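Text of final-v1.cif (mmCIF, C-alpha atoms) as supplied:
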```cif
data_input
#
loop_
_atom_site.label_atom_id
_atom_site.label_comp_id
_atom_site.auth_asym_id
_atom_site.auth_seq_id
_atom_site.Cartn_x
_atom_site.Cartn_y
_atom_site.Cartn_z
CA MET A 282 124.26 82.94 206.63
CA SER A 283 122.03 82.49 203.63
CA ARG A 284 122.13 79.29 201.61
CA PRO A 285 123.32 80.98 198.31
CA VAL A 286 126.27 82.57 200.10
CA ALA A 287 127.23 79.28 201.70
CA VAL A 288 127.04 77.47 198.37
CA PHE A 289 129.19 80.18 196.74
CA ARG A 290 131.86 79.94 199.42
CA ALA A 291 131.93 76.15 199.22
CA THR A 292 132.28 76.27 195.45
CA LEU A 293 135.11 78.86 195.68
CA ALA A 294 136.97 76.74 198.22
CA ALA A 295 136.67 73.67 196.01
CA ALA A 296 137.95 75.61 193.00
CA LEU A 297 140.97 76.86 194.95
CA LEU A 298 141.77 73.33 196.12
CA LEU A 299 141.51 72.05 192.53
CA ALA A 300 143.76 74.84 191.19
CA THR A 301 146.34 74.11 193.87
CA ALA A 302 146.30 70.41 193.04
CA LEU A 303 146.66 71.07 189.32
CA SER A 304 149.52 73.52 189.80
CA ALA A 305 151.33 71.00 191.95
CA GLN A 306 151.02 68.45 189.16
CA THR A 307 152.21 70.87 186.43
CA PRO A 308 156.04 70.95 186.44
CA VAL A 309 157.88 74.25 185.91
CA GLN A 310 159.59 74.23 182.52
CA ALA A 311 163.31 73.61 182.93
CA THR A 312 165.76 76.00 181.30
CA GLY A 313 169.47 76.27 180.55
CA THR A 314 172.02 78.74 179.16
CA VAL A 315 173.59 79.07 175.72
CA LYS A 316 176.85 80.97 175.47
CA GLY A 317 179.47 81.20 172.78
CA VAL A 318 181.36 83.34 170.29
CA VAL A 319 180.73 84.73 166.80
CA LYS A 320 183.71 84.93 164.43
CA SER A 321 184.38 85.87 160.85
CA SER A 322 185.79 83.46 158.26
CA LEU A 323 189.20 84.99 159.10
CA GLY A 324 188.80 84.00 162.74
CA LEU A 325 188.23 87.56 164.04
CA PRO A 326 185.55 88.18 166.70
CA ILE A 327 182.43 89.92 165.37
CA GLY A 328 180.78 92.49 167.62
CA GLY A 329 177.16 93.58 167.36
CA ALA A 330 175.85 90.32 165.89
CA GLN A 331 172.17 89.71 166.66
CA MET A 332 171.67 86.25 168.19
CA ARG A 333 168.23 84.62 168.44
CA LEU A 334 167.29 81.15 169.65
CA VAL A 335 164.42 79.61 167.66
CA ILE A 336 162.47 77.08 169.73
CA PRO A 337 160.44 74.48 167.76
CA MET A 338 156.72 74.89 168.49
CA GLY A 339 157.58 77.48 171.12
CA GLY A 340 158.55 80.76 169.43
CA ASN A 341 161.79 82.69 169.86
CA THR A 342 163.86 83.92 172.79
CA PRO A 343 164.74 87.63 173.12
CA VAL A 344 167.61 88.80 170.89
CA VAL A 345 171.04 89.00 172.51
CA GLU A 346 174.01 90.84 171.02
CA SER A 347 177.64 89.77 170.79
CA ASP A 348 180.11 92.11 172.50
CA ASP A 349 183.44 93.49 171.27
CA ASN A 350 185.02 90.07 171.83
CA GLY A 351 182.30 88.34 169.82
CA THR A 352 180.91 86.60 172.91
CA PHE A 353 177.23 86.28 173.82
CA THR A 354 175.10 84.68 176.54
CA ALA A 355 171.42 83.69 176.33
CA THR A 356 169.77 82.67 179.62
CA LYS A 357 166.51 80.93 180.54
CA VAL A 358 166.39 78.96 177.29
CA PRO A 359 163.90 76.04 177.39
CA VAL A 360 165.58 72.62 177.37
CA GLY A 361 165.67 70.59 174.19
CA SER A 362 166.87 71.08 170.65
CA VAL A 363 166.90 74.72 169.47
CA TRP A 364 168.34 76.67 166.53
CA LEU A 365 170.80 79.47 167.20
CA VAL A 366 170.43 82.06 164.41
CA ALA A 367 173.11 84.75 163.95
CA ARG A 368 172.69 87.89 161.84
CA ARG A 369 174.99 90.83 161.14
CA ILE A 370 174.85 93.57 158.50
CA GLY A 371 177.30 92.73 155.72
CA TYR A 372 177.46 89.02 156.58
CA ARG A 373 175.56 85.96 155.41
CA PRO A 374 173.19 84.76 158.20
CA ASP A 375 174.03 81.39 159.72
CA SER A 376 172.49 79.03 162.22
CA VAL A 377 173.59 76.07 164.30
CA GLN A 378 171.54 73.54 166.23
CA VAL A 379 172.23 73.13 169.93
CA THR A 380 170.72 70.95 172.64
CA VAL A 381 169.93 72.83 175.82
CA ILE A 382 170.30 70.92 179.09
CA ALA A 383 168.58 71.97 182.30
CA ASP A 384 170.67 74.19 184.61
CA GLN A 385 173.75 73.88 182.39
CA ALA A 386 175.65 76.27 180.11
CA ILE A 387 176.02 74.97 176.55
CA GLU A 388 178.91 76.31 174.42
CA ALA A 389 178.21 77.26 170.80
CA SER A 390 180.35 78.73 168.03
CA VAL A 391 179.09 80.59 164.96
CA GLN A 392 181.09 81.64 161.89
CA LEU A 393 179.75 84.32 159.53
CA GLU A 394 180.89 84.87 155.97
CA ARG A 395 181.35 88.44 154.72
CA ILE A 396 179.19 89.21 151.68
CA ALA A 397 179.10 93.02 151.52
CA VAL A 398 180.97 94.85 148.79
CA GLU A 399 183.54 96.86 150.71
CA LEU A 400 184.70 100.37 149.97
CA SER A 401 188.36 100.91 149.20
CA THR A 402 190.41 100.18 152.30
CA VAL A 403 191.88 103.18 154.11
CA ARG A 404 195.56 102.19 154.29
CA VAL A 405 197.75 103.55 157.08
CA LEU A 406 201.42 103.15 156.19
CA GLY A 407 203.38 103.79 159.35
CA ARG A 408 203.38 107.51 160.10
CA ARG A 409 203.78 108.81 156.54
CA ASP A 410 200.30 110.26 156.12
CA VAL A 411 199.61 111.79 159.53
CA VAL A 412 197.53 114.97 159.28
CA GLY A 413 196.36 117.47 161.87
CA HIS A 414 198.17 119.24 164.68
CA LEU A 415 200.44 116.23 165.40
CA ALA A 416 201.64 115.75 161.82
CA GLY A 417 204.83 117.75 162.37
CA PHE A 418 205.38 116.14 165.76
CA TYR A 419 205.55 112.62 164.30
CA GLN A 420 207.58 113.79 161.32
CA ARG A 421 210.23 115.33 163.59
CA MET A 422 210.12 112.27 165.84
CA GLY A 423 211.02 110.19 162.78
CA TYR A 424 214.14 112.34 162.25
CA GLY A 425 215.22 111.59 165.82
CA ASN A 426 216.97 114.92 166.51
CA GLY A 427 215.33 115.51 169.89
CA ARG A 428 213.68 113.71 172.75
CA PHE A 429 209.99 112.86 172.27
CA PHE A 430 207.15 111.75 174.51
CA THR A 431 203.85 110.53 173.04
CA ALA A 432 200.55 110.34 174.95
CA SER A 433 201.25 106.64 175.54
CA ASP A 434 204.69 107.45 176.98
CA LEU A 435 203.14 109.95 179.36
CA GLU A 436 200.48 107.48 180.45
CA ARG A 437 203.13 104.83 181.14
CA ARG A 438 205.21 107.27 183.22
CA ASN A 439 202.08 108.22 185.18
CA ALA A 440 203.86 111.36 186.41
CA VAL A 441 202.05 113.66 188.83
CA HIS A 442 204.17 116.72 187.97
CA MET A 443 205.51 117.76 184.59
CA THR A 444 209.10 117.95 185.89
CA ASP A 445 208.82 114.29 186.89
CA VAL A 446 208.58 113.48 183.18
CA PHE A 447 211.97 115.11 182.60
CA ARG A 448 213.81 113.40 185.44
CA MET A 449 216.45 110.83 184.45
CA ILE A 450 216.68 112.24 180.90
CA PRO A 451 220.34 112.63 179.86
CA GLY A 452 221.32 116.29 179.47
CA LEU A 453 218.53 117.63 181.70
CA ARG A 454 218.51 118.51 185.39
CA ILE A 455 215.77 119.62 187.76
CA GLU A 456 216.54 122.53 190.11
CA THR A 457 214.33 123.23 193.12
CA ARG A 458 213.99 126.70 194.57
CA GLY A 459 211.45 127.04 197.32
CA PHE A 460 208.27 125.39 196.09
CA GLN A 461 209.07 125.60 192.36
CA ASN A 462 210.95 123.12 190.20
CA SER A 463 212.83 124.34 187.13
CA VAL A 464 214.23 122.50 184.12
CA ARG A 465 217.72 123.27 182.90
CA MET A 466 219.65 121.86 179.97
CA ARG A 467 223.24 120.66 180.35
CA GLY A 468 225.70 123.56 180.65
CA SER A 469 222.93 126.16 180.81
CA ARG A 470 221.75 128.32 183.69
CA CYS A 471 218.81 129.97 181.94
CA ALA A 472 215.29 128.66 181.38
CA PRO A 473 214.49 126.85 178.14
CA LEU A 474 212.07 128.40 175.68
CA VAL A 475 208.62 126.78 175.96
CA TRP A 476 206.15 126.48 173.08
CA LEU A 477 202.50 125.52 173.56
CA ASP A 478 200.56 124.26 170.51
CA GLY A 479 202.82 126.08 168.08
CA GLN A 480 202.91 129.38 169.99
CA PRO A 481 205.90 130.57 172.11
CA LEU A 482 205.37 131.48 175.76
CA TYR A 483 207.27 134.73 176.35
CA ALA A 484 206.93 134.86 180.14
CA GLY A 485 210.54 133.86 180.83
CA GLU A 486 210.62 131.14 183.49
CA ILE A 487 207.57 128.94 182.95
CA ASP A 488 206.30 126.87 185.85
CA LEU A 489 205.99 123.58 183.98
CA ASP A 490 204.43 121.89 187.00
CA ALA A 491 201.38 124.11 186.44
CA PHE A 492 200.56 121.75 183.54
CA ASP A 493 199.11 118.25 183.90
CA PRO A 494 201.33 115.74 182.00
CA LYS A 495 198.26 113.70 181.01
CA SER A 496 196.77 116.70 179.20
CA PHE A 497 199.29 116.45 176.35
CA ASP A 498 199.40 114.35 173.19
CA GLY A 499 203.11 115.00 172.68
CA ILE A 500 206.20 116.69 174.13
CA GLU A 501 209.41 117.59 172.28
CA ILE A 502 212.69 118.43 174.03
CA TYR A 503 215.74 120.00 172.34
CA SER A 504 218.79 120.49 174.55
CA GLY A 505 220.57 123.14 172.46
CA ALA A 506 220.03 125.74 169.75
CA ALA A 507 221.74 123.61 167.10
CA SER A 508 219.16 120.80 167.40
CA VAL A 509 216.05 123.02 167.47
CA PRO A 510 213.93 122.80 164.28
CA VAL A 511 213.71 126.04 162.34
CA GLU A 512 210.02 126.52 163.19
CA PHE A 513 210.90 126.70 166.90
CA GLN A 514 214.05 128.80 166.71
CA GLY A 515 214.19 132.20 168.43
CA ASN A 516 214.24 135.75 167.11
CA GLN A 517 214.89 139.18 168.59
CA ARG A 518 212.27 138.68 171.30
CA MET A 519 213.21 135.17 172.33
CA SER A 520 216.12 132.76 172.26
CA SER A 521 216.47 129.00 172.02
CA ALA A 522 220.08 129.05 173.23
CA CYS A 523 219.03 127.52 176.57
CA GLY A 524 217.09 124.69 174.91
CA THR A 525 213.49 124.34 173.81
CA ILE A 526 210.48 122.41 175.09
CA VAL A 527 207.45 122.02 172.80
CA LEU A 528 204.08 120.97 174.25
CA TRP A 529 201.13 119.66 172.23
CA SER A 530 197.75 119.66 174.01
CA LYS A 531 195.13 116.99 173.60
CA ARG A 532 192.32 118.13 171.31
CA GLY A 533 189.25 117.21 173.31
CA GLU A 534 188.12 113.84 174.55
CA LEU A 535 187.04 111.75 171.57
CA ARG A 536 186.81 108.40 173.29
CA GLU A 537 183.54 106.52 173.27
CA ARG A 538 181.39 107.86 176.04
CA LYS A 539 180.26 105.30 178.57
CA ARG A 540 176.77 104.08 177.83
CA LYS A 541 174.11 104.18 180.48
CA LYS A 542 172.69 100.94 181.81
CA ASP A 543 169.65 100.72 179.52
CA GLU A 544 171.05 102.72 176.61
CA PRO A 545 171.08 100.87 173.26
CA THR A 546 174.36 99.77 171.71
CA PRO A 547 175.50 101.21 168.35
CA ALA A 548 174.42 98.02 166.57
CA THR A 549 170.99 98.21 168.21
CA ARG A 550 170.64 101.87 167.20
CA ILE A 551 171.43 100.97 163.60
CA ALA A 552 168.97 98.05 163.63
CA GLU A 553 166.22 100.38 164.88
CA MET A 554 167.07 103.00 162.22
CA LEU A 555 166.87 100.36 159.48
CA GLU A 556 163.61 98.95 160.80
CA THR A 557 161.95 102.38 160.92
CA GLY A 558 163.31 103.48 157.54
CA LYS A 559 165.51 106.23 159.01
CA ALA A 560 168.63 104.68 157.44
CA PHE A 561 169.44 102.35 154.56
CA VAL A 562 172.06 99.77 153.62
CA VAL A 563 174.15 100.00 150.44
CA THR A 564 171.77 97.78 148.43
CA ASP A 565 168.84 100.10 149.14
CA VAL A 566 170.30 103.37 147.83
CA ASP A 567 170.93 104.64 144.30
CA ALA A 568 174.37 106.14 145.12
CA VAL A 569 176.34 104.88 148.10
CA ALA A 570 178.02 107.12 150.65
CA ARG A 571 181.79 107.51 150.30
CA PRO A 572 184.65 109.23 152.14
CA ASP A 573 185.82 112.52 150.65
CA SER A 574 188.86 111.26 148.72
CA PHE A 575 190.30 114.80 148.40
CA ASN A 576 190.48 115.13 152.17
CA LEU A 577 191.00 111.61 153.43
CA ILE A 578 191.74 111.44 157.16
CA ARG A 579 193.99 108.54 158.09
CA PRO A 580 194.23 107.32 161.70
CA ILE A 581 197.44 107.74 163.69
CA TYR A 582 199.26 104.43 164.15
CA PRO A 583 199.05 103.53 167.89
CA ASP A 584 202.43 104.17 169.53
CA SER A 585 202.95 100.74 171.11
CA LEU A 586 201.92 98.85 167.97
CA PHE A 587 203.98 101.16 165.74
CA GLU A 588 207.09 100.51 167.84
CA ALA A 589 206.40 96.76 167.76
CA GLN A 590 205.85 96.96 163.97
CA ALA A 591 202.54 95.16 164.46
CA PRO A 592 200.09 95.22 161.51
CA GLY A 593 196.34 95.27 161.98
CA ARG A 594 192.86 95.72 160.56
CA VAL A 595 189.61 97.36 161.69
CA LEU A 596 186.19 97.14 160.03
CA ALA A 597 184.36 100.22 161.31
CA GLU A 598 180.58 100.57 161.12
CA PHE A 599 178.60 103.80 161.44
CA VAL A 600 175.80 105.78 159.83
CA VAL A 601 176.61 108.65 157.46
CA SER A 602 174.14 111.54 157.76
CA PRO A 603 172.75 113.56 154.80
CA SER A 604 175.16 116.35 155.82
CA GLY A 605 178.14 114.05 155.20
CA GLU A 606 179.11 113.45 158.83
CA ALA A 607 179.42 110.21 160.75
CA ILE A 608 176.83 109.79 163.52
CA MET A 609 179.20 108.78 166.29
CA ASP A 610 176.50 107.21 168.50
CA THR A 611 176.33 104.51 165.81
CA PHE A 612 180.11 103.92 165.58
CA SER A 613 181.52 100.51 166.47
CA ALA A 614 184.23 98.12 165.34
CA VAL A 615 182.64 95.08 163.70
CA THR A 616 186.00 93.27 163.69
CA THR A 617 189.54 94.20 164.67
CA THR A 618 192.84 92.40 165.10
CA ASN A 619 193.68 94.53 168.16
CA ARG A 620 191.44 96.84 170.20
CA LEU A 621 194.25 99.45 170.33
CA PHE A 622 193.56 100.21 166.66
CA VAL A 623 189.91 101.14 167.32
CA GLU A 624 190.39 104.49 169.09
CA PRO A 625 192.54 106.05 166.32
CA VAL A 626 189.95 104.87 163.78
CA ARG A 627 187.17 106.44 165.85
CA ARG A 628 189.00 109.78 165.86
CA ALA A 629 189.60 109.64 162.11
CA VAL A 630 185.96 108.79 161.37
CA ARG A 631 184.80 111.68 163.52
CA GLU A 632 186.98 114.15 161.58
CA GLN A 633 186.29 112.65 158.14
CA ARG A 634 183.73 114.16 155.76
CA PHE A 635 181.68 111.96 153.42
CA THR A 636 179.67 112.23 150.25
CA PRO A 637 176.18 111.24 151.48
CA ALA A 638 174.08 108.49 149.94
CA MET A 639 171.31 109.31 147.44
CA LYS A 640 167.93 107.61 147.13
CA GLN A 641 165.29 108.78 144.65
CA GLY A 642 167.08 112.09 144.25
CA LYS A 643 167.32 112.80 147.97
CA MET A 644 170.25 112.60 150.39
CA VAL A 645 169.59 109.90 152.99
CA GLN A 646 171.28 108.27 155.95
CA GLN A 647 173.23 105.14 155.09
CA VAL A 648 175.01 102.46 157.10
CA MET A 649 178.68 102.35 156.11
CA GLN A 650 181.22 99.65 156.85
CA LEU A 651 184.67 101.12 156.17
CA PRO A 652 187.79 98.92 156.38
CA PHE A 653 191.11 100.24 157.72
CA GLU A 654 194.49 98.55 157.34
CA PHE A 655 197.57 99.40 159.40
CA VAL A 656 200.85 98.51 157.71
CA PRO A 657 204.18 98.91 159.57
CA ASP A 658 206.75 101.13 157.87
CA SER A 659 210.17 99.70 158.73
CA THR A 660 211.94 102.74 157.30
CA ALA A 661 210.33 105.03 159.86
CA ARG A 662 211.09 103.33 163.15
CA ARG A 663 210.93 105.61 166.12
CA ARG A 664 214.29 106.82 167.38
CA ASN A 665 214.85 108.58 170.73
#
```
As a first step, turn the structure in this file into structure tokens.
Amino acid sequence: MSRPVAVFRATLAAALLLATALSAQTPVQATGTVKGVVKSSLGLPIGGAQMRLVIPMGGNTPVVESDDNGTFTATKVPVGSVWLVARRIGYRPDSVQVTVIADQAIEASVQLERIAVELSTVRVLGRRDVVGHLAGFYQRMGYGNGRFFTASDLERRNAVHMTDVFRMIPGLRIETRGFQNSVRMRGSRCAPLVWLDGQPLYAGEIDLDAFDPKSFDGIEIYSGAASVPVEFQGNQRMSSACGTIVLWSKRGELRERKRKKDEPTPATRIAEMLETGKAFVVTDVDAVARPDSFNLIRPIYPDSLFEAQAPGRVLAEFVVSPSGEAIMDTFSAVTTTNRLFVEPVRRAVREQRFTPAMKQGKMVQQVMQLPFEFVPDSTARRRN
């Protein structure tokens, strides 16, 4: 072995020994966890708030986002005193100082004050202003002249067959012939007239078990001709003398689709759109986006909360496109008094049309925060 090679190897070995000794003397920085909740001044959880921990002389931790319950968790935060900074569109930023302890979870609470100028609240007074294919259904249900099942009723019954929904209803009986079940009204031997989404089914005996009970938003049952509403009464080709059953199908699945593992949240999408100039907030536009007041879509009061006469509020956030539609991938509830109110609001926002925002003479995308208020109507209690 040549002398230069030997010297090189000896030097390398010494350097490795020195690096090992130094690394053994350098302690790994201890970390802890910060978790907590973000609430409004009214005490409601705020979802989609951006939480950042500012470390003195050490930069910032990655942003974490509060969930629908306003809760957040930041892990691997260096020990010591740090500032927890909370931001949310439409709210005044706030910060609190916390002391992180090694291998422990520190609880923190942040309250944000609303500063945005809100649009006029969309007020839902009981079931008075229901529009769409279920408007007549809820109006007739308020009169109480028949037997009614809402989508919530059907979900609670969890019936496998349609005829199972009708079992134990006074005035109805289920007859079984071979493999088919038939519904008969009291004192009648003939099949009731069946309507589907406002159209009569003329086929005589309808196999109701061919339908999935969970595929309907509402079912009406009238045991005799005298109780059948005029719009469902018979004519020369059909008769309601043997009773009438009215079925209302669900109009598509409008629930929030499940996000993939690494897919951004609605609040993150909006933050990215604002950062890249693809959307604007109300203070950045010349004319703000607004709902079409001549065709205002009000949400349907959730069945269980309507029956309990429970009031509620939802502050919905979404981006309005230049075509006047809500971009549903950006929809979320900033605050709500009850999560059951959110789905009806989502459906209403999807169907609503808006006047788009204007900036420098052009229609642009704008972030909208639209408040909804649900007010019980004691004069329209459900009667079955």
Practice prompt. Using atom CA of Glu556 of chain A and atom CA of Leu651 of chain A as the two end points, give the distance in Å to one decimal.
Written response: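 These two atoms are separated by 21.7 Å.
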Practice prompt. Could you expand the PyMOL selection byres ((chain A and resi 593) around 9) into the explicit residues it covers here, written as number ranges by chain?
Written response: A: 586, 591-592, 594-595, 617-619, 622, 653-657
Discussion item. I'd like the contact shell of Phe575 of chain A - 12 Å cut-off, all atoms listed in the file, skipping same-chain residues fewer than 5 positions apart - returned as a list in words.
Written reply: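 The contact residues come out as Gln633, Arg634, Phe635 and Thr636 of chain A.
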Worksheet entry | Selection under test: the PyMOL selection byres ((chain A and resi 450) around 12); residues as a list in words |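 With the PyMOL selection byres ((chain A and resi 450) around 12) on this model, the match is Gly427, Arg428, Phe429, Phe430, Thr444, Asp445, Val446, Phe447, Arg448, Met449, Pro451, Gly452, Leu453, Arg454, Ile455, Val464, Arg465, Met466, Arg467, Ile502, Tyr503, Ser504 and Asn665 of chain A.
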Surrounding residues of Met332 of chain A excluding itself and chain neighbours under 6 positions, 10 Å, all atoms listed in the file, as a JSON list (two decimals) with C-alpha atoms, keeping the file's coordinate frame:
```json
[["chain", "number", "residue", "atom", "x", "y", "z"],
["A", 319, "VAL", "CA", 180.73, 84.73, 166.80],
["A", 342, "THR", "CA", 163.86, 83.92, 172.79],
["A", 343, "PRO", "CA", 164.74, 87.63, 173.12],
["A", 344, "VAL", "CA", 167.61, 88.80, 170.89],
["A", 345, "VAL", "CA", 171.04, 89.00, 172.51],
["A", 346, "GLU", "CA", 174.01, 90.84, 171.02],
["A", 347, "SER", "CA", 177.64, 89.77, 170.79],
["A", 353, "PHE", "CA", 177.23, 86.28, 173.82],
["A", 354, "THR", "CA", 175.10, 84.68, 176.54],
["A", 355, "ALA", "CA", 171.42, 83.69, 176.33],
["A", 365, "LEU", "CA", 170.80, 79.47, 167.20],
["A", 366, "VAL", "CA", 170.43, 82.06, 164.41],
["A", 367, "ALA", "CA", 173.11, 84.75, 163.95],
["A", 368, "ARG", "CA", 172.69, 87.89, 161.84],
["A", 369, "ARG", "CA", 174.99, 90.83, 161.14],
["A", 376, "SER", "CA", 172.49, 79.03, 162.22],
["A", 391, "VAL", "CA", 179.09, 80.59, 164.96]]
```
Practice prompt. Evaluate the PyMOL selection byres ((chain A and resi 647) around 10) here and jot the selected residues down as a list of chain:residue names.
Written response: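 When the PyMOL selection byres ((chain A and resi 647) around 10) is applied, the selected residues are A:Ile551, A:Met554, A:Leu555, A:Lys559, A:Ala560, A:Phe561, A:Val562, A:Val563, A:Asp565, A:Val566, A:Val569, A:Ala570, A:Phe599, A:Val600, A:Val601, A:Ser602, A:Pro603, A:Ala607, A:Pro637, A:Ala638, A:Met639, A:Lys640, A:Met644, A:Val645, A:Gln646, A:Val648, A:Met649, A:Gln650.
Atom CA of Ile387 of chain A lies 18.2 Å from atom CA of Gln331 of chain A.
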Dump as a PDB file with C-alpha atoms, keeping the file's coordinate frame all residues having an atom at most 10 Å from (209.8, 115.5, 166.5), computed in the file's coordinates with only C-alpha atoms.
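So the final result, stored in selection_39.pdb, reads:
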```pdb
ATOM      1  CA  LEU A 415     200.440 116.230 165.400  1.00  0.00           C
ATOM      2  CA  ALA A 416     201.640 115.750 161.820  1.00  0.00           C
ATOM      3  CA  GLY A 417     204.830 117.750 162.370  1.00  0.00           C
ATOM      4  CA  PHE A 418     205.380 116.140 165.760  1.00  0.00           C
ATOM      5  CA  TYR A 419     205.550 112.620 164.300  1.00  0.00           C
ATOM      6  CA  GLN A 420     207.580 113.790 161.320  1.00  0.00           C
ATOM      7  CA  ARG A 421     210.230 115.330 163.590  1.00  0.00           C
ATOM      8  CA  MET A 422     210.120 112.270 165.840  1.00  0.00           C
ATOM      9  CA  GLY A 423     211.020 110.190 162.780  1.00  0.00           C
ATOM     10  CA  TYR A 424     214.140 112.340 162.250  1.00  0.00           C
ATOM     11  CA  GLY A 425     215.220 111.590 165.820  1.00  0.00           C
ATOM     12  CA  ASN A 426     216.970 114.920 166.510  1.00  0.00           C
ATOM     13  CA  GLY A 427     215.330 115.510 169.890  1.00  0.00           C
ATOM     14  CA  ARG A 428     213.680 113.710 172.750  1.00  0.00           C
ATOM     15  CA  PHE A 429     209.990 112.860 172.270  1.00  0.00           C
ATOM     16  CA  PHE A 430     207.150 111.750 174.510  1.00  0.00           C
ATOM     17  CA  GLY A 499     203.110 115.000 172.680  1.00  0.00           C
ATOM     18  CA  ILE A 500     206.200 116.690 174.130  1.00  0.00           C
ATOM     19  CA  GLU A 501     209.410 117.590 172.280  1.00  0.00           C
ATOM     20  CA  ILE A 502     212.690 118.430 174.030  1.00  0.00           C
ATOM     21  CA  TYR A 503     215.740 120.000 172.340  1.00  0.00           C
ATOM     22  CA  VAL A 509     216.050 123.020 167.470  1.00  0.00           C
ATOM     23  CA  PRO A 510     213.930 122.800 164.280  1.00  0.00           C
ATOM     24  CA  VAL A 527     207.450 122.020 172.800  1.00  0.00           C
ATOM     25  CA  ARG A 663     210.930 105.610 166.120  1.00  0.00           C
ATOM     26  CA  ARG A 664     214.290 106.820 167.380  1.00  0.00           C
ATOM     27  CA  ASN A 665     214.850 108.580 170.730  1.00  0.00           C
TER      28      ASN A 665
END
```
Discussion item. Please list as a ChimeraX atom specification every residue within 7 Å of Ala548 of chain A, counting all atoms listed in the file and excluding residues in the same chain fewer than 2 positions away.
Written reply: /A:329,546,550-552,611
All residues 12 Å or closer to segment 436-443 of chain A, only C-alpha atoms, same chain fewer than 3 positions away omitted, as a JSON list (two decimals) with C-alpha atoms, in the coordinates of the input:
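Dumped to out-v4.json:
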```
[["chain", "number", "residue", "atom", "x", "y", "z"],
["A", 430, "PHE", "CA", 207.15, 111.75, 174.51],
["A", 431, "THR", "CA", 203.85, 110.53, 173.04],
["A", 432, "ALA", "CA", 200.55, 110.34, 174.95],
["A", 433, "SER", "CA", 201.25, 106.64, 175.54],
["A", 446, "VAL", "CA", 208.58, 113.48, 183.18],
["A", 447, "PHE", "CA", 211.97, 115.11, 182.60],
["A", 448, "ARG", "CA", 213.81, 113.40, 185.44],
["A", 449, "MET", "CA", 216.45, 110.83, 184.45],
["A", 455, "ILE", "CA", 215.77, 119.62, 187.76],
["A", 461, "GLN", "CA", 209.07, 125.60, 192.36],
["A", 462, "ASN", "CA", 210.95, 123.12, 190.20],
["A", 463, "SER", "CA", 212.83, 124.34, 187.13],
["A", 464, "VAL", "CA", 214.23, 122.50, 184.12],
["A", 487, "ILE", "CA", 207.57, 128.94, 182.95],
["A", 488, "ASP", "CA", 206.30, 126.87, 185.85],
["A", 489, "LEU", "CA", 205.99, 123.58, 183.98],
["A", 490, "ASP", "CA", 204.43, 121.89, 187.00],
["A", 491, "ALA", "CA", 201.38, 124.11, 186.44],
["A", 492, "PHE", "CA", 200.56, 121.75, 183.54],
["A", 493, "ASP", "CA", 199.11, 118.25, 183.90],
["A", 494, "PRO", "CA", 201.33, 115.74, 182.00],
["A", 495, "LYS", "CA", 198.26, 113.70, 181.01],
["A", 496, "SER", "CA", 196.77, 116.70, 179.20],
["A", 497, "PHE", "CA", 199.29, 116.45, 176.35],
["A", 498, "ASP", "CA", 199.40, 114.35, 173.19],
["A", 499, "GLY", "CA", 203.11, 115.00, 172.68],
["A", 500, "ILE", "CA", 206.20, 116.69, 174.13],
["A", 526, "ILE", "CA", 210.48, 122.41, 175.09],
["A", 528, "LEU", "CA", 204.08, 120.97, 174.25],
["A", 584, "ASP", "CA", 202.43, 104.17, 169.53],
["A", 585, "SER", "CA", 202.95, 100.74, 171.11]]
```
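The smallest atom-to-atom distance between Glu544 of chain A and any of A:Glu399, A:Ala386, A:Gln378, A:Asp610, using all atoms listed in the file, is found for A:Asp610.
The gap separating atom CA of Gly479 of chain A from atom CA of Lys531 of chain A is 13.1 Å, in Å to one decimal.
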